[in-house]
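Colleague: The following file, protein_13.cif, comprises mmCIF, C-alpha atoms:
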data_start
#
loop_
_atom_site.label_atom_id
_atom_site.label_comp_id
_atom_site.auth_asym_id
_atom_site.auth_seq_id
_atom_site.Cartn_x
_atom_site.Cartn_y
_atom_site.Cartn_z
CA MET A 1 -4.37 172.15 -112.37
CA SER A 2 -6.14 173.94 -115.19
CA ASP A 3 -9.72 173.47 -116.41
CA THR A 4 -8.73 174.72 -119.84
CA HIS A 5 -10.35 172.65 -122.55
CA VAL A 6 -8.35 172.30 -125.73
CA GLU A 7 -10.31 171.16 -128.76
CA ALA A 8 -8.57 168.67 -130.97
CA ARG A 9 -7.85 169.94 -134.43
CA PRO A 10 -9.46 167.95 -137.22
CA TRP A 11 -7.04 165.94 -139.33
CA TYR A 12 -7.82 168.31 -142.22
CA ALA A 13 -7.02 171.46 -140.18
CA ASP A 14 -4.51 172.59 -142.80
CA GLY A 15 -7.12 172.25 -145.54
CA LEU A 16 -7.78 169.82 -148.37
CA ARG A 17 -7.26 170.25 -152.09
CA PHE A 18 -9.99 169.57 -154.62
CA SER A 19 -10.95 170.57 -158.12
CA CYS A 20 -13.89 168.93 -159.88
CA VAL A 21 -12.84 167.21 -163.07
CA ARG A 22 -16.13 167.89 -164.79
CA GLY A 23 -17.19 164.96 -166.87
CA CYS A 24 -15.21 162.35 -164.93
CA ARG A 25 -18.53 160.93 -163.65
CA ARG A 26 -17.03 158.79 -160.87
CA CYS A 27 -18.89 160.44 -157.97
CA CYS A 28 -22.21 160.19 -159.82
CA GLY A 29 -22.79 156.50 -159.86
CA GLY A 30 -21.75 152.93 -159.79
CA PHE A 31 -22.87 152.41 -156.21
CA PRO A 32 -26.24 152.70 -154.47
CA GLY A 33 -27.14 155.79 -152.54
CA HIS A 34 -29.27 158.88 -152.38
CA VAL A 35 -28.94 162.32 -153.90
CA TRP A 36 -31.14 164.33 -151.58
CA VAL A 37 -33.01 167.20 -153.20
CA THR A 38 -35.24 169.97 -151.97
CA GLU A 39 -38.32 171.38 -153.68
CA GLN A 40 -36.24 174.43 -154.65
CA GLU A 41 -33.54 172.23 -156.17
CA ILE A 42 -36.16 170.26 -158.10
CA LYS A 43 -37.45 173.50 -159.62
CA ALA A 44 -33.91 174.61 -160.53
CA LEU A 45 -33.08 171.23 -162.07
CA ALA A 46 -36.32 171.23 -164.06
CA GLU A 47 -35.60 174.75 -165.32
CA CYS A 48 -32.07 173.76 -166.29
CA LEU A 49 -33.49 170.90 -168.36
CA ASN A 50 -36.33 173.04 -169.77
CA MET A 51 -38.90 170.78 -168.11
CA ASP A 52 -42.05 171.40 -166.14
CA PRO A 53 -41.25 170.74 -162.44
CA ALA A 54 -44.14 168.24 -162.20
CA ASP A 55 -42.76 166.29 -165.17
CA PHE A 56 -39.26 166.41 -163.70
CA TRP A 57 -40.61 165.16 -160.40
CA GLN A 58 -42.39 162.22 -162.03
CA GLU A 59 -39.42 161.21 -164.15
CA TYR A 60 -36.47 161.88 -161.87
CA VAL A 61 -37.53 162.07 -158.21
CA ARG A 62 -38.45 159.44 -155.63
CA ARG A 63 -39.64 159.73 -152.07
CA VAL A 64 -37.51 157.99 -149.45
CA GLY A 65 -39.28 158.19 -146.11
CA ASN A 66 -39.98 161.87 -145.61
CA ARG A 67 -37.17 163.01 -147.93
CA LEU A 68 -36.78 163.41 -151.68
CA SER A 69 -34.00 161.86 -153.73
CA LEU A 70 -33.07 161.72 -157.37
CA ARG A 71 -33.73 158.31 -158.86
CA GLU A 72 -30.90 156.05 -159.86
CA ARG A 73 -30.62 153.67 -162.77
CA THR A 74 -30.35 149.91 -162.35
CA ASP A 75 -26.54 150.22 -162.47
CA TYR A 76 -26.81 152.78 -159.61
CA ASP A 77 -25.80 155.72 -161.79
CA CYS A 78 -27.63 158.96 -161.05
CA VAL A 79 -30.54 159.45 -163.41
CA LEU A 80 -29.03 162.79 -164.45
CA LEU A 81 -25.67 161.30 -165.41
CA GLY A 82 -25.01 161.61 -169.13
CA PRO A 83 -22.06 160.45 -171.22
CA ASN A 84 -20.17 163.68 -170.47
CA GLY A 85 -21.19 164.10 -166.85
CA CYS A 86 -24.20 165.64 -165.16
CA VAL A 87 -26.76 166.90 -167.68
CA ALA A 88 -27.86 169.54 -165.15
CA TYR A 89 -24.42 170.44 -163.77
CA PRO A 90 -25.11 174.20 -163.36
CA ALA A 91 -28.15 173.39 -161.19
CA ARG A 92 -26.81 170.29 -159.44
CA PRO A 93 -28.08 169.77 -155.89
CA GLN A 94 -26.17 171.05 -152.86
CA GLN A 95 -25.13 167.51 -151.95
CA CYS A 96 -23.37 167.24 -155.31
CA ARG A 97 -21.81 170.69 -154.92
CA ASP A 98 -20.42 169.68 -151.53
CA TYR A 99 -18.66 166.54 -152.78
CA PRO A 100 -16.09 165.35 -151.68
CA PHE A 101 -16.64 167.15 -148.39
CA TRP A 102 -19.14 164.59 -147.13
CA PRO A 103 -18.92 163.26 -143.55
CA GLU A 104 -18.06 159.73 -144.63
CA VAL A 105 -15.23 161.02 -146.84
CA VAL A 106 -13.62 163.50 -144.42
CA ASN A 107 -14.09 161.58 -141.18
CA SER A 108 -10.52 160.30 -141.47
CA LYS A 109 -7.45 160.67 -143.62
CA GLU A 110 -7.82 157.03 -144.57
CA ALA A 111 -11.39 157.58 -145.82
CA TRP A 112 -10.20 160.64 -147.80
CA ASP A 113 -7.32 158.67 -149.33
CA ASP A 114 -9.64 155.79 -150.23
CA GLU A 115 -12.05 158.14 -152.02
CA ALA A 116 -9.13 159.87 -153.74
CA GLN A 117 -8.41 156.55 -155.47
CA ARG A 118 -11.74 157.01 -157.33
CA CYS A 119 -11.76 160.79 -157.74
CA PRO A 120 -9.05 162.42 -159.87
CA GLY A 121 -9.93 165.88 -158.52
CA MET A 122 -9.04 165.12 -154.93
CA ASN A 123 -5.63 166.29 -153.72
CA ASP A 124 -5.49 168.58 -156.75
CA GLY A 125 -6.65 172.12 -157.40
CA ARG A 126 -7.39 174.78 -154.83
CA THR A 127 -7.09 174.28 -151.10
CA TYR A 128 -10.32 174.43 -149.10
CA CYS A 129 -9.65 175.69 -145.59
CA ALA A 130 -11.03 173.84 -142.56
CA GLY A 131 -13.79 176.45 -142.15
CA GLU A 132 -15.03 175.88 -145.71
CA ILE A 133 -14.98 172.14 -145.17
CA GLU A 134 -16.96 172.51 -141.93
CA GLU A 135 -19.59 174.61 -143.75
CA ARG A 136 -19.99 171.94 -146.42
CA LEU A 137 -20.29 169.28 -143.73
CA LYS A 138 -23.09 171.28 -142.12
CA ASP A 139 -24.94 171.28 -145.45
CA GLN A 140 -25.02 167.49 -145.27
CA GLU A 141 -26.64 167.40 -141.82
CA THR A 142 -30.11 168.25 -143.11
#
Hey, can you dump this file as structure tokens for me?

Modeller:
Amino acid sequence: MSDTHVEARPWYADGLRFSCVRGCRRCCGGFPGHVWVTEQEIKALAECLNMDPADFWQEYVRRVGNRLSLRERTDYDCVLLGPNGCVAYPARPQQCRDYPFWPEVVNSKEAWDDEAQRCPGMNDGRTYCAGEIEERLKDQET
């Protein structure tokens, strides 16, 4: 008998395809949630919008426990969502950059397929290898 341990391959071991359809706006609202931001991201977002970081903080940021999140509108859209997509897209937070490689989206093929019904960029575009997906998942652990 062998003590060899074989790790199970994730369902996405062969990679997943994704290309952001900038301006589609579907991942940026319509449901409650949090867009976690760091102090560094707040500064970058403020700079992108030509705002003072303190003014940006007051207008767009909320504290949730010991973390910081972008505010959302009453319809649950991100406060930075404009008619053509994110108004600060070049400086968008890491959480946004990592979409759709979030734990709740890649935990199963079924979850991925469900999200792909909302996101036209999923299953299209370049293939992200399993290693890239794992790195993006690690980003979401903080």

Colleague: Suppose you want the space between CA of Tyr128 in chain A and CA of Gly15 in chain A; what is it in Å?

Modeller: 5.3 Å

Colleague: Give me, please, the distance in Å between CA of Tyr89 in chain A and CA of Tyr12 in chain A, quoted to one decimal.

Modeller: 27.3 Å

Colleague: Tell me, as a list in words, which residues lie within 8 Å of Ser19 in chain A, counting only C-alpha atoms; anything in the same chain fewer than 6 positions away does not count.

Modeller: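 Result of the neighbour search: Gly121, Met122, Asp124, Gly125 and Arg126 of chain A.
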
Colleague: I'd like the neighbourhood of range 92-109 of chain A as a VMD selection string, where a residue qualifies if any of its atoms comes within 9 Å (using only C-alpha atoms), though same-chain residues fewer than 3 positions away should be ignored.

Modeller: chain A and resid 10 to 12 18 20 27 to 28 35 to 38 41 to 42 44 to 45 86 to 89 112 to 115 119 122 133 to 134 136 to 137 139 to 141

Colleague: So what do you get for CA of Thr127 in chain A versus CA of Asp14 in chain A, distance-wise?

Modeller: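 One can read the CA of Thr127 in chain A to CA of Asp14 in chain A distance as 8.9 Å.
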